[in-house]
$ cat start.txt   # compact mmCIF, C-alpha atoms
# COMPACT_ATOMS: atom_id res chain seq x y z
CA MET O 1339 128.93 103.00 99.96
CA PRO O 1340 129.92 104.83 103.17
CA VAL O 1341 128.26 103.79 106.40
CA ILE O 1342 128.60 104.79 110.01
CA GLU O 1343 129.57 102.71 112.97
CA SER O 1344 126.72 100.69 114.45
CA PRO O 1345 124.90 101.46 116.63
CA ILE O 1346 124.82 105.11 115.70
CA GLN O 1347 125.35 107.68 118.44
CA ILE O 1348 123.77 111.07 117.78
CA VAL O 1349 126.00 113.86 119.07
CA THR O 1350 123.90 116.90 118.11
CA PRO O 1351 122.34 118.23 121.35
CA PRO O 1352 118.54 117.77 121.53
CA LYS O 1353 116.54 120.86 120.57
CA ARG O 1354 113.22 121.41 122.35
CA TYR O 1355 110.86 124.13 121.12
CA ALA O 1356 108.18 126.01 123.05
CA PRO O 1357 104.92 124.05 123.54
CA VAL O 1358 102.25 124.76 120.92
CA GLY O 1359 99.08 124.13 122.92
CA HIS O 1360 96.91 122.91 120.05
CA CYS O 1361 97.12 120.32 117.29
CA ILE O 1362 99.30 121.60 114.45
CA TYR O 1363 97.49 119.37 111.93
CA CYS O 1364 93.77 119.82 112.65
CA GLY O 1365 93.86 122.90 114.91
CA VAL O 1366 91.91 121.37 117.79
CA TYR O 1367 92.55 122.58 121.34
CA ALA O 1368 92.53 119.55 123.60
CA LYS O 1369 93.64 118.61 127.10
CA LYS O 1370 95.62 115.68 125.77
CA LEU O 1371 98.26 116.76 123.28
CA SER O 1372 101.38 114.73 122.60
CA LYS O 1373 104.83 115.95 121.70
CA GLU O 1374 106.01 115.68 118.12
CA HIS O 1375 109.35 114.23 117.15
CA ILE O 1376 109.79 116.46 114.11
CA ILE O 1377 112.14 113.93 112.55
CA PRO O 1378 110.80 110.60 113.86
CA PHE O 1379 112.46 109.03 116.88
CA GLY O 1380 113.41 106.01 114.79
CA LEU O 1381 115.60 108.22 112.59
CA ALA O 1382 116.91 110.90 114.92
CA GLY O 1383 116.04 110.03 118.51
CA ASP O 1384 115.03 113.09 120.53
CA SER O 1385 116.91 115.53 118.28
CA LEU O 1386 113.99 117.89 117.52
CA ILE O 1387 111.00 117.96 119.88
CA LEU O 1388 107.85 120.10 119.56
CA PRO O 1389 105.82 119.71 122.81
CA ARG O 1390 102.00 119.66 123.03
CA ALA O 1391 101.52 119.68 119.28
CA SER O 1392 99.40 116.71 118.19
CA CYS O 1393 95.95 115.47 119.22
CA PRO O 1394 95.34 111.71 119.64
CA THR O 1395 93.57 111.37 116.28
CA CYS O 1396 96.28 113.11 114.27
CA SER O 1397 98.99 111.38 116.26
CA ASP O 1398 97.54 108.02 115.22
CA ILE O 1399 97.46 109.11 111.57
CA THR O 1400 101.04 110.37 111.45
CA ARG O 1401 102.28 107.34 113.43
CA LYS O 1402 100.89 105.03 110.74
CA HIS O 1403 102.77 106.92 108.02
CA GLU O 1404 105.97 106.78 110.04
CA THR O 1405 105.54 103.08 110.78
CA THR O 1406 105.16 102.29 107.08
CA VAL O 1407 108.45 104.01 106.32
CA LEU O 1408 110.46 102.99 109.39
CA ARG O 1409 109.22 99.41 109.80
CA THR O 1410 109.01 98.37 106.14
CA MET O 1411 110.94 100.51 103.67
CA TRP O 1412 113.84 101.30 106.02
CA TRP O 1413 113.59 98.58 108.67
CA THR O 1414 116.48 96.37 107.52
CA MET O 1415 118.73 99.37 106.88
CA ARG O 1416 117.90 100.96 110.26
CA THR O 1417 118.66 97.68 111.98
CA ARG O 1418 122.02 97.35 110.24
CA ILE O 1419 123.19 100.82 111.30
CA GLY O 1420 121.70 100.60 114.79
CA ALA O 1421 119.27 103.50 114.40
CA PRO O 1422 117.25 104.58 117.47
CA SER O 1423 114.41 102.22 118.32
CA ARG O 1424 111.95 101.76 121.18
CA HIS O 1425 112.00 98.00 120.61
CA ASP O 1426 114.61 95.27 120.50
CA ALA O 1427 116.17 94.80 117.07
CA PRO O 1428 114.74 91.88 115.07
CA GLU O 1429 116.93 88.79 115.02
CA ASN O 1430 116.08 88.06 111.38
CA PHE O 1431 114.13 89.27 108.38
CA ASN O 1432 112.24 87.48 105.61
CA LEU O 1433 114.11 87.50 102.31
CA HIS O 1434 111.81 86.92 99.34
CA LYS O 1435 113.37 85.33 96.27
CA GLY O 1436 111.94 85.04 92.77
CA ILE O 1437 112.45 84.56 89.05
CA VAL O 1438 112.33 87.61 86.78
CA GLU O 1439 109.71 87.17 84.06
CA GLU O 1440 109.54 90.70 82.62
CA PHE O 1441 111.77 93.73 82.94
CA GLN O 1442 112.19 97.19 81.48
CA LEU O 1443 115.62 98.45 82.39
CA PRO O 1444 116.44 99.45 85.03
CA TRP O 1445 113.30 97.98 86.69
CA ILE O 1446 111.89 94.50 87.08
CA THR O 1447 108.24 94.73 86.07
CA LYS O 1448 107.20 91.13 86.82
CA ALA O 1449 108.73 88.42 88.98
CA ARG O 1450 107.48 85.03 90.14
CA HIS O 1451 107.98 84.31 93.84
CA THR O 1452 109.90 81.11 94.48
CA GLU O 1453 110.78 81.01 98.19
CA THR O 1454 111.07 82.98 101.40
CA LEU O 1455 114.12 82.60 103.63
CA LYS O 1456 114.78 83.82 107.15
CA VAL O 1457 118.06 85.75 107.14
CA ALA O 1458 119.85 87.01 110.24
CA ALA O 1459 119.46 90.77 110.55
CA HIS O 1460 123.21 91.41 110.27
CA ASP O 1461 123.36 89.26 107.10
CA PHE O 1462 120.43 90.85 105.29
CA PRO O 1463 121.79 92.73 102.23
CA PHE O 1464 122.45 96.37 103.06
CA ALA O 1465 120.30 98.71 100.98
CA ILE O 1466 118.76 102.13 101.37
CA ILE O 1467 115.72 102.63 99.17
CA THR O 1468 113.72 105.82 98.97
CA VAL O 1469 111.62 108.05 96.73
CA LYS O 1470 113.16 110.68 94.49
CA PHE O 1471 111.48 113.75 92.99
CA PRO O 1472 113.64 114.65 89.96
CA GLN O 1473 112.08 118.09 89.50
CA PRO O 1474 111.33 121.05 91.80
CA PRO O 1475 107.73 121.50 93.00
CA SER O 1476 105.75 122.48 89.91
CA ILE O 1477 104.50 125.65 91.63
CA PHE O 1478 108.03 126.99 91.10
CA LEU O 1479 107.88 125.97 87.43
CA ARG O 1480 104.73 128.11 87.14
CA ARG O 1481 102.50 125.28 86.00
CA GLU O 1482 100.29 122.49 87.27
CA PRO O 1483 101.73 118.98 87.61
CA ASN O 1484 101.66 116.90 84.43
CA ASP O 1485 102.69 113.46 83.17
CA ASP O 1486 106.35 114.49 83.20
CA ASP O 1487 106.24 114.95 86.98
CA LYS O 1488 107.01 111.38 87.91
CA VAL O 1489 108.53 110.20 91.14
CA GLU O 1490 111.35 107.69 90.93
CA ILE O 1491 112.49 104.86 93.16
CA TRP O 1492 116.06 105.51 94.28
CA ALA O 1493 118.35 102.85 95.74
CA ARG O 1494 121.91 102.27 96.85
CA TYR O 1495 123.02 98.85 97.97
CA ASN O 1496 126.02 96.65 98.60
CA GLU O 1497 126.50 94.60 95.45
CA GLU O 1498 128.61 91.91 97.09
CA GLU O 1499 125.98 91.27 99.75
CA ILE O 1500 123.26 91.17 97.09
CA LYS O 1501 125.19 88.62 94.99
CA GLN O 1502 125.44 86.23 97.93
CA HIS O 1503 121.69 85.69 97.72
CA LEU O 1504 121.27 85.52 93.95
CA GLY O 1505 121.53 82.39 91.82
CA GLY O 1506 121.26 82.48 88.03
CA ASP O 1507 120.83 85.47 85.76
CA LYS O 1508 117.05 85.64 86.18
CA THR O 1509 116.89 85.33 89.96
CA SER O 1510 115.77 88.28 92.07
CA ILE O 1511 115.37 89.22 95.72
CA GLY O 1512 113.05 91.70 97.37
CA LEU O 1513 114.76 94.38 99.43
CA ALA O 1514 111.93 96.62 100.62
CA PRO O 1515 108.42 97.78 99.65
CA VAL O 1516 107.95 101.43 98.70
CA GLU O 1517 104.74 103.48 98.93
CA PRO O 1518 105.44 106.88 97.30
CA GLU O 1519 102.22 108.54 98.51
CA THR O 1520 102.77 107.46 102.11
CA PHE O 1521 106.36 108.64 101.88
CA ALA O 1522 105.13 112.02 100.60
CA ARG O 1523 102.82 112.33 103.64
CA PHE O 1524 105.74 111.32 105.86
CA LEU O 1525 107.93 114.09 104.38
CA SER O 1526 105.07 116.58 104.62
CA LYS O 1527 104.63 115.84 108.32
CA ILE O 1528 108.32 116.47 109.00
CA ALA O 1529 108.31 119.69 106.98
CA HIS O 1530 105.07 121.07 108.43
CA ALA O 1531 106.11 120.37 112.02
CA TYR O 1532 109.53 121.94 111.46
CA ALA O 1533 108.03 125.09 109.94
CA VAL O 1534 105.63 125.44 112.88
CA ALA O 1535 108.49 124.95 115.34
CA GLU O 1536 110.80 127.44 113.67
CA LEU O 1537 108.41 130.13 112.42
CA GLY O 1538 105.20 129.66 114.41
CA GLN O 1539 101.92 128.44 112.96
CA GLU O 1540 100.54 131.98 112.86
CA THR O 1541 103.24 132.95 110.35
CA PHE O 1542 101.93 130.94 107.40
CA GLU O 1543 98.74 129.50 105.92
CA PRO O 1544 99.34 125.73 105.82
CA LEU O 1545 99.03 123.86 102.54
CA LEU O 1546 99.74 120.29 103.61
CA ALA O 1547 97.87 119.75 106.90
CA LYS O 1548 94.89 118.04 105.25
CA PHE O 1549 97.19 115.94 103.05
CA ILE O 1550 99.06 114.76 106.14
CA ARG O 1551 95.67 113.68 107.51
CA ASN O 1552 95.03 111.57 104.37
CA SER O 1553 93.20 114.01 102.07
CA PRO O 1554 94.23 113.91 98.38
CA LEU O 1555 96.80 116.34 96.97
CA LEU O 1556 98.59 117.14 93.70
CA ILE O 1557 101.81 115.91 95.27
CA CYS O 1558 104.30 117.13 92.67
CA LYS O 1559 102.86 120.64 92.85
CA TRP O 1560 104.09 121.05 96.42
CA LEU O 1561 106.84 118.45 96.84
CA GLY O 1562 109.92 118.18 94.69
CA GLY O 1563 113.65 117.76 94.51
CA GLN O 1564 116.38 117.88 91.90
CA SER O 1565 117.68 115.68 89.10
CA VAL O 1566 121.29 115.42 90.30
CA ASP O 1567 121.94 114.13 93.81
CA PRO O 1568 124.46 116.13 95.87
CA PRO O 1569 127.54 114.34 97.25
CA ALA O 1570 127.35 112.51 100.54
CA THR O 1571 127.85 114.55 103.68
CA GLU O 1572 129.19 113.63 107.10
CA SER O 1573 125.79 114.31 108.70
CA LEU O 1574 123.02 111.83 109.31
CA HIS O 1575 120.17 114.21 108.42
CA GLU O 1576 119.80 117.82 107.24
CA ILE O 1577 116.82 120.17 107.51
CA GLY O 1578 116.26 123.89 107.00
CA TRP O 1579 113.71 126.43 105.78
CA GLN O 1580 113.56 129.31 103.34
CA ILE O 1581 111.09 131.74 101.78
CA CYS O 1582 110.59 131.36 98.02
CA SER O 1583 108.47 133.79 96.00
CA VAL O 1584 106.39 133.32 92.87
CA ASP O 1585 105.10 136.68 91.67
CA THR O 1586 103.50 138.22 94.77
CA THR O 1587 103.02 134.97 96.71
CA HIS O 1588 105.67 134.05 99.24
CA TYR O 1589 105.98 130.37 100.14
CA VAL O 1590 107.50 128.73 103.20
CA VAL O 1591 109.69 125.87 101.96
CA VAL O 1592 111.38 123.24 104.09
CA ASN O 1593 114.46 121.50 102.69
CA ILE O 1594 115.01 117.95 103.94
CA ARG O 1595 117.71 115.39 103.35
CA LEU O 1596 117.44 112.17 105.35
CA PHE O 1597 120.52 109.95 105.56
CA SER O 1598 122.58 112.48 103.64
CA CYS O 1599 125.67 110.42 104.57
CA PHE O 1600 124.50 107.96 101.89
CA ALA O 1601 124.26 110.64 99.15
CA THR O 1602 120.45 110.40 99.20
CA PRO O 1603 118.14 112.72 97.23
CA PRO O 1604 117.21 116.08 98.79
CA TYR O 1605 113.59 117.23 99.07
CA GLN O 1606 111.84 120.58 98.80
CA VAL O 1607 108.48 120.71 100.58
CA VAL O 1608 106.23 123.77 100.17
CA VAL O 1609 104.40 123.87 103.50
CA GLY O 1610 102.45 127.11 103.26
CA THR O 1611 102.03 130.70 102.13
CA LEU O 1612 103.52 133.47 104.23
CA LYS O 1613 100.88 135.63 105.93
CA GLN O 1614 103.13 138.64 106.44
CA PRO O 1615 105.60 140.58 104.27
CA PRO O 1616 108.94 138.79 103.94
CA ASP O 1617 110.80 141.85 105.22
CA SER O 1618 109.08 141.35 108.58
CA LEU O 1619 111.21 138.25 109.11
CA GLN O 1620 114.73 138.53 110.49
CA PHE O 1621 116.06 136.41 107.64
CA LEU O 1622 114.62 134.57 104.63
CA LYS O 1623 116.71 131.43 104.67
CA GLN O 1624 118.04 129.20 107.41
CA PRO O 1625 121.29 127.28 106.87
CA LEU O 1626 120.71 123.55 106.95
CA TYR O 1627 120.48 122.26 110.50
CA THR O 1628 122.44 119.02 110.74
CA ILE O 1629 121.97 116.01 112.97
CA ASP O 1630 125.40 114.48 113.39
CA VAL O 1631 126.67 111.18 114.70
CA LYS O 1632 129.78 110.04 116.51
CA ARG O 1633 132.31 108.28 114.33
CA SER O 1634 135.13 106.35 115.96
CA VAL O 1635 136.65 105.71 112.54
CA PRO O 1636 136.23 107.45 109.18
CA PHE O 1637 133.31 106.44 106.97
CA ARG O 1638 134.16 103.17 105.27
CA GLU O 1639 132.90 101.14 102.37
CA ILE O 1640 130.43 98.47 103.41
$ encode --input "start.txt" --output "structure tokens"
Amino acid sequence: MPVIESPIQIVTPPKRYAPVGHCIYCGVYAKKLSKEHIIPFGLAGDSLILPRASCPTCSDITRKHETTVLRTMWWTMRTRIGAPSRHDAPENFNLHKGIVEEFQLPWITKARHTETLKVAAHDFPFAIITVKFPQPPSIFLRREPNDDDKVEIWARYNEEEIKQHLGGDKTSIGLAPVEPETFARFLSKIAHAYAVAELGQETFEPLLAKFIRNSPLLICKWLGGQSVDPPATESLHEIGWQICSVDTTHYVVVNIRLFSCFATPPYQVVVGTLKQPPDSLQFLKQPLYTIDVKRSVPFREI
């Protein structure tokens, strides 16, 4: 698995958009509006900033989604690669061990906890775990979501580091918790903010703002991906937008790939319906914008 030198150094110049002046999630005009890190600071530093774009209430909501992803699902991995952080890196993490009691390949369905160990952060097994949508958003398949629209848990890890903490055949270790719905809200926030920054909120009717603020949603109708993961890239993250049409409806779609250097799954997020004719836009697709990092040596196997 290729990794970058730690700590990572982002070399893509910061991009700061024009201030919005109201909350992009609830629409309120308020004196106190905070800037939005379109891709959270803990993943990309100050790479993409949208000033005066979030009210205190919505900022608290989106911060909780981000914290769940950055401080649970990706915390050990972010620490290992030296991702941006506003806090000192943890000295150690809890490693939960157990005995497998039931499994249905490739997943363990039941395990009995046996012990918890404190492991130094640099010794915790390297793993990147995320959510994968194996199909495009069902709106592009011209149907409502059904039982076949299942999200998957996707993982890449260092086998040698994993083996150091395993005993017999039935032993297991916990690497990270995953909350698919929270992750979907997290992706939606990134996509919505990016579309507002690039196109302007007046350009499209938003579809995900209420979902970002914790309302229910048919997730697989508006969020999707693809069955085959593209090869790894030399970028840390990739993001771009395009207009996709279904009959006479034109949708604003944001394409996201976080940690593309690890050959992670790409995402398609349908953020809204275009309010104006497509030919009024200068172009209908933006090449992927990449956030790159400095590498003193070529990518290596960890």
$ atom_distance --input "start.txt" --atom1 "atom CA of Asn1496 of chain O" --atom2 "atom CA of Lys1435 of chain O"
17.1 Å
$ closest_residue --input "start.txt" --among "O:Ala1570, O:Val1366, O:Leu1408, O:Leu1537" --to "Pro1603 of chain O" --atoms "only C-alpha atoms"
O:Ala1570
$ atom_distance --input "start.txt" --atom1 "atom CA of Thr1454 of chain O" --atom2 "atom CA of Gly1436 of chain O"
8.9 Å
$ residues_around --input "start.txt" --residues "segment 1475-1479 of chain O" --least-positions-apart "3" --cutoff "8 Å" --atoms "all atoms listed in the file" --output "PDB file with C-alpha atoms, keeping the file's coordinate frame"
ATOM      1  CA  GLU O1482     100.290 122.490  87.270  1.00  0.00           C
ATOM      2  CA  PRO O1483     101.730 118.980  87.610  1.00  0.00           C
ATOM      3  CA  CYS O1558     104.300 117.130  92.670  1.00  0.00           C
ATOM      4  CA  LYS O1559     102.860 120.640  92.850  1.00  0.00           C
ATOM      5  CA  TRP O1560     104.090 121.050  96.420  1.00  0.00           C
ATOM      6  CA  LEU O1561     106.840 118.450  96.840  1.00  0.00           C
ATOM      7  CA  GLY O1562     109.920 118.180  94.690  1.00  0.00           C
ATOM      8  CA  GLY O1563     113.650 117.760  94.510  1.00  0.00           C
ATOM      9  CA  VAL O1584     106.390 133.320  92.870  1.00  0.00           C
ATOM     10  CA  GLN O1606     111.840 120.580  98.800  1.00  0.00           C
ATOM     11  CA  VAL O1607     108.480 120.710 100.580  1.00  0.00           C
ATOM     12  CA  VAL O1608     106.230 123.770 100.170  1.00  0.00           C
TER      13      VAL O1608
END
$ closest_atom_pairs --input "start.txt" --of "segment 1339-1435 of chain O" --to "segment 1459-1464 of chain O" --cutoff "8 Å" --atoms "all atoms listed in the file" --output "CSV"
residue,atom,partner,partner_atom,distance
O:Thr1414,CA,O:Ala1459,CA,7.0
O:Met1415,CA,O:Phe1464,CA,6.1
O:Thr1417,CA,O:Ala1459,CA,7.1
O:Arg1418,CA,O:His1460,CA,6.1
O:Pro1428,CA,O:Ala1459,CA,6.6
O:Glu1429,CA,O:Ala1459,CA,5.5
O:Asn1430,CA,O:Ala1459,CA,4.4
O:Phe1431,CA,O:Ala1459,CA,5.9
O:Leu1433,CA,O:Phe1462,CA,7.7
$ closest_residue --input "start.txt" --among "O:Ser1526, O:Ser1510, O:Gln1539, O:Ser1385" --to "Ala1449 of chain O" --atoms "only C-alpha atoms"
O:Ser1510
$ residues_around --input "start.txt" --residues "Pro1625 of chain O" --least-positions-apart "6" --cutoff "9 Å" --atoms "all atoms listed in the file" --output "PyMOL selection string"
chain O and resi 1577-1580
$ atom_distance --input "start.txt" --atom1 "atom CA of Phe1621 of chain O" --atom2 "atom CA of Glu1536 of chain O"
12.0 Å
$ residues_near_point --input "start.txt" --point "(102.9, 127.3, 100.5)" --cutoff "7 Å" --atoms "all atoms listed in the file" --output "short mmCIF file (atom, residue, chain, number, x, y, z; two decimals) with C-alpha atoms, in the frame of the given file"
data_model
loop_
_atom_site.label_atom_id
_atom_site.label_comp_id
_atom_site.auth_asym_id
_atom_site.auth_seq_id
_atom_site.Cartn_x
_atom_site.Cartn_y
_atom_site.Cartn_z
CA PRO O 1544 99.34 125.73 105.82
CA LEU O 1545 99.03 123.86 102.54
CA TYR O 1589 105.98 130.37 100.14
CA VAL O 1590 107.50 128.73 103.20
CA VAL O 1608 106.23 123.77 100.17
CA VAL O 1609 104.40 123.87 103.50
CA GLY O 1610 102.45 127.11 103.26
CA THR O 1611 102.03 130.70 102.13
#
$ closest_atom_pairs --input "start.txt" --of "segment 1451-1568 of chain O" --to "segment 1351-1358 of chain O" --cutoff "12 Å" --atoms "only C-alpha atoms" --output "JSON lines"
{"residue": "O:Ala1531", "atom": "CA", "partner": "O:Val1358", "partner_atom": "CA", "distance": 10.6}
{"residue": "O:Tyr1532", "atom": "CA", "partner": "O:Tyr1355", "partner_atom": "CA", "distance": 10.0}
{"residue": "O:Ala1533", "atom": "CA", "partner": "O:Tyr1355", "partner_atom": "CA", "distance": 11.6}
{"residue": "O:Val1534", "atom": "CA", "partner": "O:Val1358", "partner_atom": "CA", "distance": 8.7}
{"residue": "O:Ala1535", "atom": "CA", "partner": "O:Tyr1355", "partner_atom": "CA", "distance": 6.3}
{"residue": "O:Glu1536", "atom": "CA", "partner": "O:Tyr1355", "partner_atom": "CA", "distance": 8.2}
{"residue": "O:Leu1537", "atom": "CA", "partner": "O:Tyr1355", "partner_atom": "CA", "distance": 10.8}
{"residue": "O:Gly1538", "atom": "CA", "partner": "O:Val1358", "partner_atom": "CA", "distance": 8.7}
{"residue": "O:Gln1539", "atom": "CA", "partner": "O:Val1358", "partner_atom": "CA", "distance": 8.8}
{"residue": "O:Glu1540", "atom": "CA", "partner": "O:Val1358", "partner_atom": "CA", "distance": 11.0}
$ residues_around --input "start.txt" --residues "Thr1406 of chain O" --least-positions-apart "5" --cutoff "12 Å" --atoms "all atoms listed in the file" --output "MDAnalysis selection string"
chainID O and resid 1380 1399:1401 1411:1413 1514:1524
$ closest_residue --input "start.txt" --among "O:Cys1361, O:Ala1421, O:Ala1458, O:Leu1622" --to "Cys1396 of chain O" --atoms "only C-alpha atoms"
O:Cys1361
$ residues_around --input "start.txt" --residues "Arg1494 of chain O" --least-positions-apart "6" --cutoff "7 Å" --atoms "only C-alpha atoms" --output "count of residues only"
3
